[in-house]
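Asker: I am sharing my_file-v1.txt, which consists of compact mmCIF, C-alpha atoms:
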```txt
# COMPACT_ATOMS: atom_id res chain seq x y z
CA MET C 939 13.15 20.41 56.08
CA ILE C 940 16.72 19.81 54.90
CA PHE C 941 15.55 16.71 53.04
CA LEU C 942 12.82 18.74 51.32
CA LYS C 943 15.34 21.40 50.38
CA ILE C 944 17.73 18.83 48.84
CA LEU C 945 14.84 17.12 47.04
CA SER C 946 13.59 20.48 45.78
CA LYS C 947 17.03 21.42 44.45
CA PHE C 948 17.40 17.99 42.84
CA ILE C 949 14.09 18.34 40.99
CA ARG C 950 14.95 21.92 40.04
CA VAL C 951 18.23 20.68 38.53
CA LEU C 952 16.41 17.99 36.56
CA ARG C 953 13.92 20.54 35.22
CA SER C 954 16.52 23.24 34.54
CA ALA C 955 17.64 24.43 31.14
CA ALA C 956 21.07 22.87 31.65
CA SER C 957 21.92 20.15 29.17
CA PRO C 958 21.91 16.53 30.34
CA ASN C 959 25.67 16.47 29.67
CA GLN C 960 26.31 19.41 32.03
CA ILE C 961 24.20 17.85 34.76
CA ALA C 962 25.71 14.39 34.31
CA TRP C 963 29.31 15.65 34.35
CA GLY C 964 28.56 17.67 37.47
CA PHE C 965 27.13 14.57 39.10
CA ALA C 966 30.07 12.39 38.04
CA LEU C 967 32.66 14.88 39.32
CA GLY C 968 30.74 15.35 42.56
CA ALA C 969 30.81 11.58 43.04
CA ILE C 970 34.63 11.65 43.05
CA ALA C 971 34.64 14.10 45.95
CA GLY C 972 31.86 12.19 47.70
CA LEU C 973 33.54 8.79 47.55
CA THR C 974 36.81 10.06 49.00
CA PRO C 975 37.58 11.92 52.22
CA LEU C 976 37.02 15.64 51.68
CA ASN C 977 40.33 16.76 53.16
CA ALA C 978 42.43 15.24 50.38
CA LEU C 979 44.18 17.47 47.85
CA HIS C 980 42.68 15.75 44.81
CA ASN C 981 39.31 17.21 45.82
CA LEU C 982 40.81 20.64 45.18
CA ALA C 983 41.48 19.47 41.63
CA VAL C 984 37.84 18.33 41.38
CA LEU C 985 36.71 21.75 42.62
CA ILE C 986 38.90 23.50 40.03
CA LEU C 987 37.43 21.27 37.31
CA LEU C 988 33.93 22.13 38.48
CA ILE C 989 34.74 25.83 38.22
CA ILE C 990 36.60 25.68 34.90
CA LEU C 991 34.32 23.27 33.03
CA ASN C 992 30.78 24.13 32.07
CA VAL C 993 29.08 21.67 34.42
CA ASN C 994 26.14 21.93 36.77
CA ILE C 995 27.38 22.79 40.26
CA ALA C 996 24.07 21.85 41.91
CA ALA C 997 24.35 18.33 40.48
CA ALA C 998 27.91 18.11 41.83
CA ILE C 999 26.77 19.18 45.30
CA LEU C 1000 23.92 16.68 45.15
CA ALA C 1001 26.31 13.86 44.18
CA LEU C 1002 28.79 14.94 46.85
CA THR C 1003 26.02 14.77 49.45
CA ILE C 1004 24.64 11.42 48.31
CA PHE C 1005 28.00 9.70 47.93
CA SER C 1006 29.35 11.16 51.18
CA LEU C 1007 26.41 9.69 53.05
CA ILE C 1008 26.99 6.18 51.69
CA ALA C 1009 30.78 6.14 51.20
CA TRP C 1010 31.51 5.05 54.76
CA LEU C 1011 29.67 1.80 54.01
CA PHE C 1012 32.27 1.06 51.34
CA ASP C 1013 35.34 1.99 53.40
CA PRO C 1014 36.30 -1.70 53.94
CA PHE C 1015 36.15 -2.19 50.16
CA PHE C 1016 38.17 0.98 49.56
CA HIS C 1017 40.71 -0.16 52.16
CA THR C 1018 41.10 -3.51 50.39
CA ILE C 1019 41.71 -1.86 47.02
CA GLY C 1020 44.03 0.78 48.49
CA TYR C 1021 45.99 -1.85 50.40
CA ALA C 1022 46.40 -3.94 47.27
CA VAL C 1023 47.70 -0.98 45.27
CA LEU C 1024 49.92 0.50 47.97
CA VAL C 1025 51.33 -2.66 49.57
CA GLN C 1026 50.73 -5.79 47.55
CA LEU C 1027 51.86 -4.42 44.19
CA SER C 1028 55.54 -4.38 45.12
CA TRP C 1029 56.63 -3.03 41.72
CA LEU C 1030 54.88 0.26 42.59
CA ARG C 1031 56.70 0.78 45.92
CA PRO C 1032 59.54 2.87 44.44
CA ALA C 1033 56.97 5.16 42.81
CA TRP C 1034 55.07 5.56 46.10
CA THR C 1035 58.33 6.28 47.93
CA ASP C 1036 59.36 8.93 45.41
CA LEU C 1037 55.88 10.44 45.45
CA TYR C 1038 55.84 10.56 49.25
CA ASN C 1039 59.18 12.40 49.25
CA ALA C 1040 57.91 14.98 46.74
CA PRO C 1041 57.04 18.39 48.24
CA VAL C 1042 53.25 18.53 47.74
CA ALA C 1043 52.29 14.91 47.06
CA PRO C 1044 51.82 13.86 50.72
CA LEU C 1045 49.00 16.42 50.97
CA THR C 1046 47.01 14.21 48.60
CA ARG C 1047 46.97 11.55 51.34
CA PHE C 1048 47.60 8.94 48.64
CA ASN C 1049 49.36 6.75 51.23
CA ASN C 1050 46.05 6.24 53.09
CA THR C 1051 44.50 2.99 51.90
CA VAL C 1052 40.92 4.30 52.12
CA VAL C 1053 41.79 7.46 50.18
CA MET C 1054 43.64 5.50 47.49
CA GLY C 1055 40.89 2.89 47.19
CA GLY C 1056 38.14 5.51 47.13
CA LEU C 1057 39.94 7.59 44.53
CA LEU C 1058 40.62 4.61 42.26
CA THR C 1059 37.03 3.39 42.62
CA SER C 1060 35.61 6.84 41.88
CA LEU C 1061 37.84 7.20 38.81
CA VAL C 1062 36.73 3.79 37.53
CA LEU C 1063 33.09 4.82 38.12
CA LEU C 1064 33.49 8.27 36.51
CA ILE C 1065 32.28 7.31 33.02
CA PRO C 1066 29.57 4.88 34.23
CA ASN C 1067 28.27 7.56 36.64
CA TYR C 1068 28.20 10.08 33.81
CA LEU C 1069 26.40 7.74 31.40
CA LEU C 1070 23.92 6.51 34.00
CA PHE C 1071 23.00 9.98 35.25
CA ARG C 1072 22.80 11.36 31.71
CA TRP C 1073 20.35 8.57 30.86
CA PHE C 1074 18.42 9.35 34.06
CA VAL C 1075 18.13 13.07 33.25
CA ILE C 1076 16.98 12.40 29.69
CA ARG C 1077 14.50 9.75 30.83
CA TYR C 1078 13.16 12.04 33.56
CA ARG C 1079 12.65 14.93 31.16
CA GLU C 1080 11.03 12.78 28.47
CA SER C 1081 8.53 10.81 30.50
CA TRP C 1082 8.87 10.77 34.26
CA ASN C 1083 8.41 14.51 34.86
CA ASP C 1084 4.79 14.57 33.67
CA ARG C 1085 3.96 11.34 35.47
CA ILE C 1086 5.42 12.52 38.76
CA ARG C 1087 3.49 15.80 38.59
CA LYS C 1088 0.25 13.80 38.30
CA TRP C 1089 0.90 11.71 41.43
CA LYS C 1090 -1.63 12.34 44.18
CA VAL C 1091 1.16 12.71 46.74
CA VAL C 1092 2.72 15.53 44.73
CA GLN C 1093 -0.63 17.24 44.25
CA ILE C 1094 -1.44 16.93 47.96
CA LEU C 1095 1.96 18.31 48.90
CA LYS C 1096 1.56 21.21 46.48
CA SER C 1097 -1.83 22.08 47.97
CA SER C 1098 -0.61 21.72 51.57
CA LYS C 1099 -0.51 24.94 53.58
CA ILE C 1100 2.82 23.97 55.13
CA VAL C 1101 4.45 23.40 51.74
CA ARG C 1102 2.99 26.63 50.32
CA PHE C 1103 4.26 28.49 53.40
CA TYR C 1104 7.68 26.90 52.98
CA LEU C 1105 7.77 27.83 49.28
CA LYS C 1106 6.74 31.39 50.13
CA ILE C 1107 9.52 31.72 52.73
CA ARG C 1108 12.03 30.11 50.39
CA GLY C 1109 11.08 32.63 47.72
CA MET C 1110 11.77 35.48 50.15
CA GLU C 1111 15.33 34.30 50.76
CA GLY C 1112 16.47 35.38 47.38
```
Represent the structure contained in this file as structure tokens.
Answerer:
Amino acid sequence: MIFLKILSKFIRVLRSAASPNQIAWGFALGAIAGLTPLNALHNLAVLILLIILNVNIAAAILALTIFSLIAWLFDPFFHTIGYAVLVQLSWLRPAWTDLYNAPVAPLTRFNNTVVMGGLLTSLVLLIPNYLLFRWFVIRYRESWNDRIRKWKVVQILKSSKIVRFYLKIRGMEG
């Protein structure tokens, strides 16, 4: 049922009145938090941006969930990038040393190769994630929404007693 709930929220976000830009920026910012370990301080900055900016929080949570589920597959890649930046680029060592000795900076866990690699990768993917998801939202709203509603699977699910019961219970929650 959790999968149905996530899928339902995802489709609700796509059909919502929010602009494609709001949804896409929410998704792109959520991807940053999803590609990096959650207990790093930079994710607090992402959370603050989500609150301050006019973005879709549901899209951010969706991206966080999706990217968190697949990020561990890319940990060796993130480690390689983080190791290169933290160790192999010797001209950056004085900056890392100064940053590590700063009062709050170690809470960012920047000295962890996976955190550094994941953060750098997610920052590089920020604009492509935004553009790709914006295109996806626009494309879904223009043509895919009507097609998907006509699928027999969707019509069968909508007429299913279990799904109607689930929707009725979900409506009672608030």
Asker: Quick one: residues within 7 Å of stretch 1066-1074 of chain C, all atoms listed in the file counted, chain neighbours fewer than 2 positions away excluded, as a list of chain:residue names?
Answerer: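 My list of contacting residues is C:Pro958, C:Asn959, C:Ala962, C:Trp963, C:Ala966, C:Leu1063, C:Leu1064, C:Ile1076, C:Arg1077, C:Tyr1078.
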Asker: Here is a test: counting all atoms listed in the file, which residue of C:Ala1043, C:Ala1001, C:Ala983, C:Val993 is nearest to C:Ala956?
Answerer: C:Val993
Asker: Nearest to C:Leu987: which of C:Leu967, C:Ser1006, C:Leu1061, C:Thr1046 is it, counting only C-alpha atoms?
Answerer: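 Smallest separation from C:Leu987 among the options: C:Leu967.
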Asker: When you count all atoms listed in the file, which of these residues is closest to C:Thr1003: C:Thr974, C:Thr1051, C:Thr1018, C:Gln1026?
Answerer: C:Thr974
Asker: Taking into account only C-alpha atoms, which residue in the set C:Leu1011, C:Asp1036, C:Asn981, C:Leu952 is nearest to C:Glu1080?
Answerer: C:Leu952
Asker: What is the distance between atom CA of C:Val1023 and atom CA of C:Pro1044, in Å to one decimal?
Answerer: 16.3 Å
Asker: Take atom CA of C:Val1052 and atom CA of C:Phe1012 and report the distance between them in Å, one decimal.
Answerer: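 The value is 9.3 Å.
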Asker: Missing atoms in stretch 1038-1070 of chain C: fill them in up to N, CA and C atoms and send the result as a tab-separated table (two decimals), in the coordinates of the input.
Answerer:
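Written output follows (result_7.tsv):
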```tsv
chain	number	residue	atom	x	y	z
C	1038	TYR	N	55.96	10.12	47.86
C	1038	TYR	CA	55.84	10.56	49.25
C	1038	TYR	C	56.93	11.58	49.60
C	1039	ASN	N	58.08	11.47	48.98
C	1039	ASN	CA	59.18	12.40	49.25
C	1039	ASN	C	59.08	13.67	48.43
C	1040	ALA	N	58.13	13.75	47.52
C	1040	ALA	CA	57.91	14.98	46.74
C	1040	ALA	C	57.29	16.04	47.65
C	1041	PRO	N	57.48	17.32	47.33
C	1041	PRO	CA	57.04	18.39	48.24
C	1041	PRO	C	55.53	18.44	48.53
C	1042	VAL	N	54.68	18.33	47.54
C	1042	VAL	CA	53.25	18.53	47.74
C	1042	VAL	C	52.47	17.22	47.78
C	1043	ALA	N	53.00	16.17	47.21
C	1043	ALA	CA	52.29	14.91	47.06
C	1043	ALA	C	51.72	14.33	48.36
C	1044	PRO	N	52.42	14.42	49.50
C	1044	PRO	CA	51.82	13.86	50.72
C	1044	PRO	C	50.50	14.52	51.11
C	1045	LEU	N	50.27	15.75	50.66
C	1045	LEU	CA	49.00	16.42	50.97
C	1045	LEU	C	47.82	15.75	50.29
C	1046	THR	N	48.09	14.94	49.27
C	1046	THR	CA	47.01	14.21	48.60
C	1046	THR	C	46.51	13.05	49.45
C	1047	ARG	N	47.28	12.68	50.45
C	1047	ARG	CA	46.97	11.55	51.34
C	1047	ARG	C	46.87	10.24	50.56
C	1048	PHE	N	47.63	10.13	49.48
C	1048	PHE	CA	47.60	8.94	48.64
C	1048	PHE	C	48.05	7.70	49.41
C	1049	ASN	N	48.84	7.89	50.47
C	1049	ASN	CA	49.36	6.75	51.23
C	1049	ASN	C	48.32	6.17	52.20
C	1050	ASN	N	47.15	6.77	52.30
C	1050	ASN	CA	46.05	6.24	53.09
C	1050	ASN	C	45.30	5.24	52.22
C	1051	THR	N	45.12	4.03	52.72
C	1051	THR	CA	44.50	2.99	51.90
C	1051	THR	C	43.06	3.33	51.51
C	1052	VAL	N	42.31	3.95	52.42
C	1052	VAL	CA	40.92	4.30	52.12
C	1052	VAL	C	40.87	5.41	51.07
C	1053	VAL	N	41.75	6.39	51.18
C	1053	VAL	CA	41.79	7.46	50.18
C	1053	VAL	C	42.16	6.90	48.82
C	1054	MET	N	43.21	6.07	48.76
C	1054	MET	CA	43.64	5.50	47.49
C	1054	MET	C	42.55	4.62	46.89
C	1055	GLY	N	41.96	3.76	47.69
C	1055	GLY	CA	40.89	2.89	47.19
C	1055	GLY	C	39.67	3.67	46.74
C	1056	GLY	N	39.28	4.68	47.51
C	1056	GLY	CA	38.14	5.51	47.13
C	1056	GLY	C	38.39	6.29	45.86
C	1057	LEU	N	39.60	6.83	45.73
C	1057	LEU	CA	39.94	7.59	44.53
C	1057	LEU	C	39.95	6.69	43.30
C	1058	LEU	N	40.59	5.53	43.40
C	1058	LEU	CA	40.62	4.61	42.26
C	1058	LEU	C	39.22	4.14	41.88
C	1059	THR	N	38.41	3.82	42.89
C	1059	THR	CA	37.03	3.39	42.62
C	1059	THR	C	36.24	4.51	41.95
C	1060	SER	N	36.38	5.73	42.45
C	1060	SER	CA	35.61	6.84	41.88
C	1060	SER	C	36.08	7.15	40.46
C	1061	LEU	N	37.36	6.98	40.17
C	1061	LEU	CA	37.84	7.20	38.81
C	1061	LEU	C	37.34	6.11	37.86
C	1062	VAL	N	37.27	4.87	38.35
C	1062	VAL	CA	36.73	3.79	37.53
C	1062	VAL	C	35.24	4.02	37.27
C	1063	LEU	N	34.53	4.58	38.25
C	1063	LEU	CA	33.09	4.82	38.12
C	1063	LEU	C	32.76	6.15	37.44
C	1064	LEU	N	33.75	6.95	37.09
C	1064	LEU	CA	33.49	8.27	36.51
C	1064	LEU	C	32.63	8.18	35.25
C	1065	ILE	N	33.03	7.42	34.28
C	1065	ILE	CA	32.28	7.31	33.02
C	1065	ILE	C	30.94	6.61	33.23
C	1066	PRO	N	30.89	5.48	33.98
C	1066	PRO	CA	29.57	4.88	34.23
C	1066	PRO	C	28.61	5.83	34.97
C	1067	ASN	N	29.12	6.59	35.95
C	1067	ASN	CA	28.27	7.56	36.64
C	1067	ASN	C	27.74	8.60	35.67
C	1068	TYR	N	28.61	9.09	34.81
C	1068	TYR	CA	28.20	10.08	33.81
C	1068	TYR	C	27.11	9.51	32.91
C	1069	LEU	N	27.35	8.34	32.34
C	1069	LEU	CA	26.40	7.74	31.40
C	1069	LEU	C	25.07	7.41	32.08
C	1070	LEU	N	25.14	6.87	33.28
C	1070	LEU	CA	23.92	6.51	34.00
C	1070	LEU	C	23.11	7.74	34.36
```
